[in-house]
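Input: a single structure, listed below in structure tokens.
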Amino acid sequence: MAEVPMLEMKGITKRFPGVLANDRVDFDLYAGEVHTLLGENGAGKSTLMKILYGLYQADEGKILLNGRPVEIASPTSAIEHNIGMIHQHFMLVDTLTVAENVALGLPSSRGVLTDLDAVSEKIVALGKQYGLEIDPAATVWQLAVGQKQRVEIIKALYRVARLLILDEPTAVLTPQEVEQLFATLHQMTADGRGLIFISHKLHEVLALSDRITVLRHGRVTGNTTTEGATRSSLASMMVGREVKLAPDKPETEVGPAALEISGLRVIGDRGNVVIDDLDLEVHTGEILGIAGVSGNGQRELAETIAGLRQAESGSIVIAGSDVTNQTPAGVRSAGLAYVPEGRMKDGSIGPFTVAENLLLIDHNSKEFLDAGLLNFEAIRKHSQSLVDEFAVKTPSLDTPVRSLSGGNIQKLILARELSGTPNVLVASQPTRGVDIGAAEYIHIRLIEQRDQSTAILMISEDLDEIFGLSDRVAVMYEGKIMGIVDPKTVGREDVGLMMAGVSQEGRSAPGA
Amino acid sequence: MSRNAWIWLGVAAAALLVIIIVAVSGGDDETTETTEAAETTTTVAETTEAPEETTEAPEETTEAPEETTTTAAAAEPIRIAIVAPSASNDLAFTQSIVDAVNVIESERDIAEVAITDGTFVVEDAAAAIRDYATNGFDLVIAHGSQYGGSLQEIAPDFPETSFAWGTAADTFGLPNVFAYEAASDEGGYVMGVMGAALTESSTIGIVGPIEVGDAKLYVDGYKAGAEAADSGVTVNVNYTGSFSDVALASEAAQAHVAAGADVMTGTAQMVVGAVGVANDQGILWFGTQANQTSLAPDIVVASQVYKWEVVLREILDNMESGTLGGSTYKIDLANEGLVIEYNPDFELSDDVKALADQAIADIISGSIVPTG
Amino acid sequence: MSDFFTEAVLIATVAGAIRLAVPLLLASLGETFGQRSGVLNLGVDGIMLLGAFAGYYTVLKTDNVWYGLLAGIAVGIGLGLASSLISVTLQAEQGISGIGVYLFGLGMSDLLFQRLVGTPVPITKFPKVDIPGLSDIPWLGRMFFQHSVVVYLAFLAVPLAMFIINRTTFGMNIRAVGENPEAADSLGVSVAAVRYATVTIGGTMAGVAGAALAIDLGIFQQNLTNAQGFIAIALVYFGAWRPLGVMAGALLYGFVNSLVLQFKTLGIIPQSWSDIAAMAPAVITILALVIVARRFRAPAALTKPFTRGT
């Protein structure tokens with residue numbers, strides 16, 4: 001490591017109306033190292049990096065590059081200072097080619113004309129050097145997710161980025177793609193570049209970083225080197241108390257199948273087959289985890305079970321009654337509870353109050369009706385008890401749901417869905433974007449529900465969650481189940497390969 | 001944004017402001033405007049044996065107060081409002097009524113003339129009609145057949161106000177609605193006779209807007225006149241489907257040229273486009289609704305001009321005697337509400353002129369019925 | 001029908017189609033720039049009207065058609081910048097603010113005409129230019145190569161627009177900004193600057209289109225464009241945001257109109273059909289729009305204002 005850090009951010013403070021996003025944050029980076037910025041959603045990581053990349057201006061504090069104070073007023077000036085950023089959501093123009101995306105914003109050697117041939121040559125050369133091979137003439141929308149990320153990295157390398165910010169770069173990758181990415185990143189640090197890695201996936205952080213800085217509520221709450229850290233020590237720093245990452249899971253009796261899917265075929269929004277001849281059984285008292293890279297039919301599977309999407313063929317049976325292509329209300333009356341992946345889009349109604357949202361599925365129940373009109377007294381009592389039981393942090397029952405945090409909305413939805421006694425719970429991405437504290441709570445509730453003999457189908461892209469909670473793991477790839485494995489005996493690597501569609505080994509019998 | 005961009009923005013804003021200021025201060029008040037209109041028509045009218053009174057129009061208006069004192073016993077000076085679809089100086093339909101009211105203003109004791117023009121949207125016109133009635137205008141002229149439905153609703157609400165609706169032949173049985181129309185087929189017939197005599201290719205082109213009302217009457221009259229005068233003449237008619245599409249009217253004229261026409265006519269305000277083509281190609285033109293000589297002094301032969309003042313005089317007489325509506329009027333060649341005005345710079349042979357005079361006489365006498 | 005297949009009529013049909021297409025082509029080429037960068041400017045017709053009046057009035061006073069064209073350009077630049085200010089800086093709802101610009105142009109052009117001119121007076125028109133050699137070709141020469149100067153300019157603008165959009169860095173920026181402004185911004189492309197430029201180009205072309213219309217007709221009157229600016233916007237969709245497609249649309253529209261006029265003139269279509277025939281161009285355009293637009297996707301950021309960091 002060099003004597004002078006390539007980057008020093010000192011006393012950075014950034015205020016948004018009503019929020020202190022960064023509070024006197026210090027952060028530094030040396031050439032040749034990976035320094036991770038760790039924290040919950042809303043801890044201030046992205047704000048800090050947007051300040052570094054010139055997308056925001058800090059209210060206080062200063063930035064030094066190689067010991068010299070600089071002002072970064074815009075992405076242009078960040079690029080001029082050899083800072084690159086790989087954004088969490090790809091910053092690519094889908095209708096442009098790879099070469100055009102790379103050339104965008106750069107002066108051309110041919111003046112007002114584009115110089116895409118020269119750019120393409122350089123892209124190929126960079127690709128060879130860093131193992132990032134890509135066709136410069138390909139249009140971006142044709143590329144797979146992993147290839148798109150290569151384009152993002154090439155964009156940064158092309159701009160001679162010495163300092164690279166990687167904002168949750170692994171979110172959409174398979175474990176194999178993550179490995180490839182890490183190899184590239186190691187090569188980049190070996191070249192003397194400095195990398196800032198933003199993530200909340202603790203095992204990745206431990207695998208990649210040299211140093212780790214933890215942010216909570218806009219403040220730096222911890223600094224550590226990777227050697228001295230463990231997953232639970234990092235989690236505790238993020239949350240500010242002891243956290244159980246893997247909840248205790250008592251052994252339970254696995255009962256009969258409560259959800260039986262056979263020969264299911266579903267057509268997606270674009271008219272293509274998204275679920276293809278799928279068979280699956282979930283038994284009472286078990287959590288079946290569905291692993292897979294986003295977009296392999298998981299969302300459609302959940303929606304079809306919930307009656308929100310038509311099945312082309314096949315059948316879905318809940319607790320013995322056939323609910324194939326029933327209305328959502330019909331499916332619910334058969335004993336289904338459903339936590340959809342879009343908690344604001346499908347799971348709740350933002351402008352409605354907490355109490356109203358809690359009532360959504362029960363609004364026709366006799367309990368809350370008085371001669372056909374809503375009985376507000378009964379509703380409030382019921383709502384209050386749910387809010388208390390599920391520890392939903394809300395100023396009042398009359399607060400609009402959209403002003404709650406993601407974790408509290410998710411707890412609210414879970415409270416509503418579990419308020420009956422469901423035979424089957426389908427939970428899609430139950431803790432995505434939720435803070436660790438809330439995620440921990442949701443995990444405990446899911447296990448409790450399993451112990452009360454509910455059959456749980458949990459769809460998640462987070463392998464930690466899949467392995468921590470599931471009794472069996474089914475891997476979905478291109479609308480099919482690649483295999484069902486026992487998480488106690490099969491490792492992440494095998495599951496990762498299955499997620500990439502590589503192998504069907506390790507299929508275990510249902511209920512094992 | 002860069003500093004330069006802001007400066008440019010400032011320049012643009014300033015330019016816009018200047019445009020607005022010029023626009024607002026460019027002309028004076030309404031009265032001057034109507035005077036100007038009167039003057040422009042005067043230059044046209046002088047070419048025929050137009051009575052001197054129009055030229056004196058502005059002066060007489062200023063003398064008006066004196067007259068009031070003498071005739072005050074008879075009636076209060078009345079206030080007239082006009083609501084019309086196109087511009088007051090469109091050299092066509094709207095201008096015809098504005099000119100007429102200007103003539104009346106020079107003859108009689110009129111306290112105020114208000115004009116709302118350009119109301120091609122019927123709802124806007126209806127609002128203007130109701131406004132004028134509410135503000136106590138004595139006579140509100142709804143100059144457009146499309147305004148009928150609105151008038152039928154509004155008139156009963158203002159029994160003290162007299163309404164005039166044209167061109168139309170229906171008063172809805174209301175006691176305070178007059179209707180007026182033009183026998184535009186008569187002038188059309190006369191000019192059709194001239195057109196047939198003047199064409200060398202034996203092909204005549206007519207550009208119309210939509211095949212209804214006054215436009216259809218004129219077109220049919222012109223065609224009948226041309227065909228009656230010379231059965232060997234082909235008369236091509238083209239209704240463009242629009243009262244306002246100047247470009248389409250221009251292309252319609254081009255189509256007539258392609259079909260071999262060397263004499264053309266047309267009606268409604270969009271024909272200015274067709275006149276332009278006729279002028280370029282040296283094709284003879286007959287105008288209607290207003291004197292169109294100024295548009296193309298080389299090729300306009302004659303224009304049928306509407307003198308609505310003939311009707312307005314009768315309406316005002318009725319109002320003075322306490323009758324606010326109920327009757328229907330028509331301007332025609334006989335009552336000199338329709339006048340053929342010739343272009344003095346166009347050398348029209350006496351033979352052709354004689355044919356026209358004969359046609360006029362025959363129509364007045366009733367021996368010719370233009371569109372039967 | 002046999003009357004139709006004569007040299008004079010066939011030539012007039014094609015030449016008329018080209019003349020009718022030119023104002024639409026100019027305006028929609030300009031609008032293509034704005035839309036490719038994500039800004040829908042519904043004020044085209046208003047800018048055309050003011051450009052038309054400025055062109056008309058300048059020629060009336062100076063008797064120089066080129067000064068008239070310059071006046072149209074100046075008005076177009078001014079209103080293009082004003083439209084940019086409204087939709088880019090102030091981020092107004094583009095579906096509504098453009099209508100404001102249209103109404104401003106409609107009213108202001110008429111007001112200025114009434115105050116400054118009054119009764120329509122014919123003006124000098126653009127000179128007709130016969131392309132040497134080509135104009136002598138039988139039939140084709142009179143169809144395509146005996147037009148006024150603006151006709152050639154308008155059609156030359158098509159390859160120019162294609163070149164700018166597809167081969168220059170500016171064009172690449174336009175496409176990027178219209179598709180994913182966040183991505184363009186993150187690479188240092190100024191979304192606002194690109195959109196100011198494209199909307200101003202659109203305004204300028206609309207001003208030119210209006211001036212060309214007025215100077216080609218040699219006259220001005222209220223609402224001279226008769227909503228051609230809105231048809232120009234539809235043609236951008238019809239042409240799938242590509243200059244060649246836009247040109248095809250403008251020519252189709254001009255051709256259908258020209259053909260209907262010829263048919264009516266020759267009595268091939270009964271006069272009683274005139275209203276139906278008048279609808280034909282619009283109906284054909286809408287049908288084509290439905291069919292073509294389904295196969296191409298609009299710029300993803302069309303009508304969406306951009307704010308950094310959201």
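How things are named: the first chain in the structure tokens is A, the next is B, and so on; residues count from 1 in each chain; ligands count from 1 in the order shown.
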Inset, instruction - Find the spatial neighbours of Asn272 in chain A, counting only C-alpha atoms, within a cut-off of 12 Å - ignore same-chain residues fewer than 4 positions away - and output them as a PyMOL selection string. - result: chain A and resi 265-268+276+296-297+300+312+478-479
Residues of the last selection are to be written out with all heavy atoms, as an mmCIF file, in the first residue's frame.
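Written output follows (part31.cif):
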```cif
data_model
loop_
_atom_site.group_PDB
_atom_site.id
_atom_site.type_symbol
_atom_site.label_atom_id
_atom_site.label_comp_id
_atom_site.auth_asym_id
_atom_site.auth_seq_id
_atom_site.Cartn_x
_atom_site.Cartn_y
_atom_site.Cartn_z
ATOM 1 N N ARG A 265 -47.966 -25.223 -16.445
ATOM 2 C CA ARG A 265 -47.391 -24.515 -17.583
ATOM 3 C C ARG A 265 -48.013 -23.129 -17.613
ATOM 4 O O ARG A 265 -49.245 -22.980 -17.565
ATOM 5 C CB ARG A 265 -47.734 -25.289 -18.857
ATOM 6 C CG ARG A 265 -47.089 -24.775 -20.103
ATOM 7 C CD ARG A 265 -47.562 -25.677 -21.268
ATOM 8 N NE ARG A 265 -47.653 -24.865 -22.478
ATOM 9 C CZ ARG A 265 -46.653 -24.716 -23.341
ATOM 10 N NH1 ARG A 265 -45.510 -25.325 -23.131
ATOM 11 N NH2 ARG A 265 -46.806 -23.964 -24.406
ATOM 12 N N VAL A 266 -47.165 -22.109 -17.659
ATOM 13 C CA VAL A 266 -47.650 -20.725 -17.591
ATOM 14 C C VAL A 266 -46.978 -19.896 -18.677
ATOM 15 O O VAL A 266 -45.781 -20.074 -18.954
ATOM 16 C CB VAL A 266 -47.350 -20.101 -16.193
ATOM 17 C CG1 VAL A 266 -47.780 -18.643 -16.150
ATOM 18 C CG2 VAL A 266 -48.043 -20.881 -15.105
ATOM 19 N N ILE A 267 -47.770 -19.041 -19.302
ATOM 20 C CA ILE A 267 -47.256 -18.140 -20.327
ATOM 21 C C ILE A 267 -46.992 -16.782 -19.687
ATOM 22 O O ILE A 267 -47.803 -16.279 -18.910
ATOM 23 C CB ILE A 267 -48.284 -17.971 -21.475
ATOM 24 C CG1 ILE A 267 -48.655 -19.327 -22.069
ATOM 25 C CG2 ILE A 267 -47.739 -17.029 -22.545
ATOM 26 C CD1 ILE A 267 -47.526 -20.047 -22.756
ATOM 27 N N GLY A 268 -45.826 -16.185 -19.988
ATOM 28 C CA GLY A 268 -45.441 -14.925 -19.360
ATOM 29 C C GLY A 268 -45.992 -13.709 -20.066
ATOM 30 O O GLY A 268 -46.740 -13.810 -21.051
ATOM 31 N N ASP A 276 -42.668 -24.329 -17.140
ATOM 32 C CA ASP A 276 -42.773 -25.386 -18.119
ATOM 33 C C ASP A 276 -42.852 -26.738 -17.405
ATOM 34 O O ASP A 276 -41.866 -27.199 -16.839
ATOM 35 C CB ASP A 276 -41.535 -25.317 -19.034
ATOM 36 C CG ASP A 276 -41.691 -26.220 -20.239
ATOM 37 O OD1 ASP A 276 -42.798 -26.766 -20.420
ATOM 38 O OD2 ASP A 276 -40.708 -26.355 -20.981
ATOM 39 N N ASN A 296 -36.343 -16.376 -13.588
ATOM 40 C CA ASN A 296 -36.427 -17.745 -14.089
ATOM 41 C C ASN A 296 -37.795 -18.366 -13.829
ATOM 42 O O ASN A 296 -37.924 -19.584 -13.825
ATOM 43 C CB ASN A 296 -35.310 -18.594 -13.498
ATOM 44 C CG ASN A 296 -34.020 -18.463 -14.294
ATOM 45 O OD1 ASN A 296 -33.918 -18.964 -15.400
ATOM 46 N ND2 ASN A 296 -33.067 -17.734 -13.745
ATOM 47 N N GLY A 297 -38.786 -17.521 -13.574
ATOM 48 C CA GLY A 297 -40.154 -18.015 -13.433
ATOM 49 C C GLY A 297 -40.656 -18.016 -11.997
ATOM 50 O O GLY A 297 -41.796 -18.377 -11.751
ATOM 51 N N GLU A 300 -43.646 -15.595 -11.503
ATOM 52 C CA GLU A 300 -44.832 -16.114 -12.152
ATOM 53 C C GLU A 300 -45.409 -17.305 -11.383
ATOM 54 O O GLU A 300 -46.625 -17.470 -11.306
ATOM 55 C CB GLU A 300 -44.510 -16.519 -13.595
ATOM 56 C CG GLU A 300 -44.263 -15.335 -14.525
ATOM 57 C CD GLU A 300 -42.833 -14.815 -14.486
ATOM 58 O OE1 GLU A 300 -42.041 -15.291 -13.635
ATOM 59 O OE2 GLU A 300 -42.497 -13.938 -15.304
ATOM 60 N N GLU A 312 -51.759 -22.255 -18.056
ATOM 61 C CA GLU A 312 -52.132 -22.824 -19.348
ATOM 62 C C GLU A 312 -52.646 -24.247 -19.177
ATOM 63 O O GLU A 312 -53.657 -24.627 -19.736
ATOM 64 C CB GLU A 312 -50.899 -22.866 -20.269
ATOM 65 C CG GLU A 312 -50.626 -21.563 -20.996
ATOM 66 C CD GLU A 312 -51.469 -21.455 -22.241
ATOM 67 O OE1 GLU A 312 -51.299 -22.271 -23.153
ATOM 68 O OE2 GLU A 312 -52.306 -20.548 -22.279
ATOM 69 N N GLU A 478 -35.027 -21.393 -15.811
ATOM 70 C CA GLU A 478 -35.836 -21.305 -17.019
ATOM 71 C C GLU A 478 -37.176 -22.020 -16.903
ATOM 72 O O GLU A 478 -37.582 -22.788 -17.768
ATOM 73 C CB GLU A 478 -35.039 -21.821 -18.226
ATOM 74 C CG GLU A 478 -33.887 -20.868 -18.541
ATOM 75 C CD GLU A 478 -33.201 -21.170 -19.863
ATOM 76 O OE1 GLU A 478 -33.414 -22.273 -20.400
ATOM 77 O OE2 GLU A 478 -32.471 -20.281 -20.336
ATOM 78 N N GLY A 479 -37.855 -21.734 -15.796
ATOM 79 C CA GLY A 479 -39.217 -22.229 -15.637
ATOM 80 C C GLY A 479 -39.322 -23.677 -15.194
ATOM 81 O O GLY A 479 -40.407 -24.215 -15.087
#
```
Inset, instruction - Name the residues in contact with Ile83 in chain A at a cut-off of 9 Å, using only C-alpha atoms, excluding same-chain residues fewer than 6 positions from it; report them as an MDAnalysis selection string. - result: chainID A and resid 52:53 75 77 156 159:165
Legend entry - alpha helix (DSSP H) per DSSP on the backbone: members of range 107-301 of chain A, as number ranges by chain: A: 116-130, 145-158, 175-190, 202-208, 231-239, 298-301
Inset, instruction - Considering only C-alpha atoms, return as a list in words whatever protein or nucleic-acid residues lie within 8 Å of range 259-271 of chain C, sequence-local ones (same chain, fewer than 6 positions apart) excluded. - result: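 These residues fall inside the cut-off: Gly205, Glu211, Asn236, Val237, Asn238, Tyr239, Thr240, Glu251, Ala252, Ala255, His256 and Ala259 of chain B; Met1, Asp3, Phe4, Val9, Thr13, Ala17, Ala277 and Ala278 of chain C.
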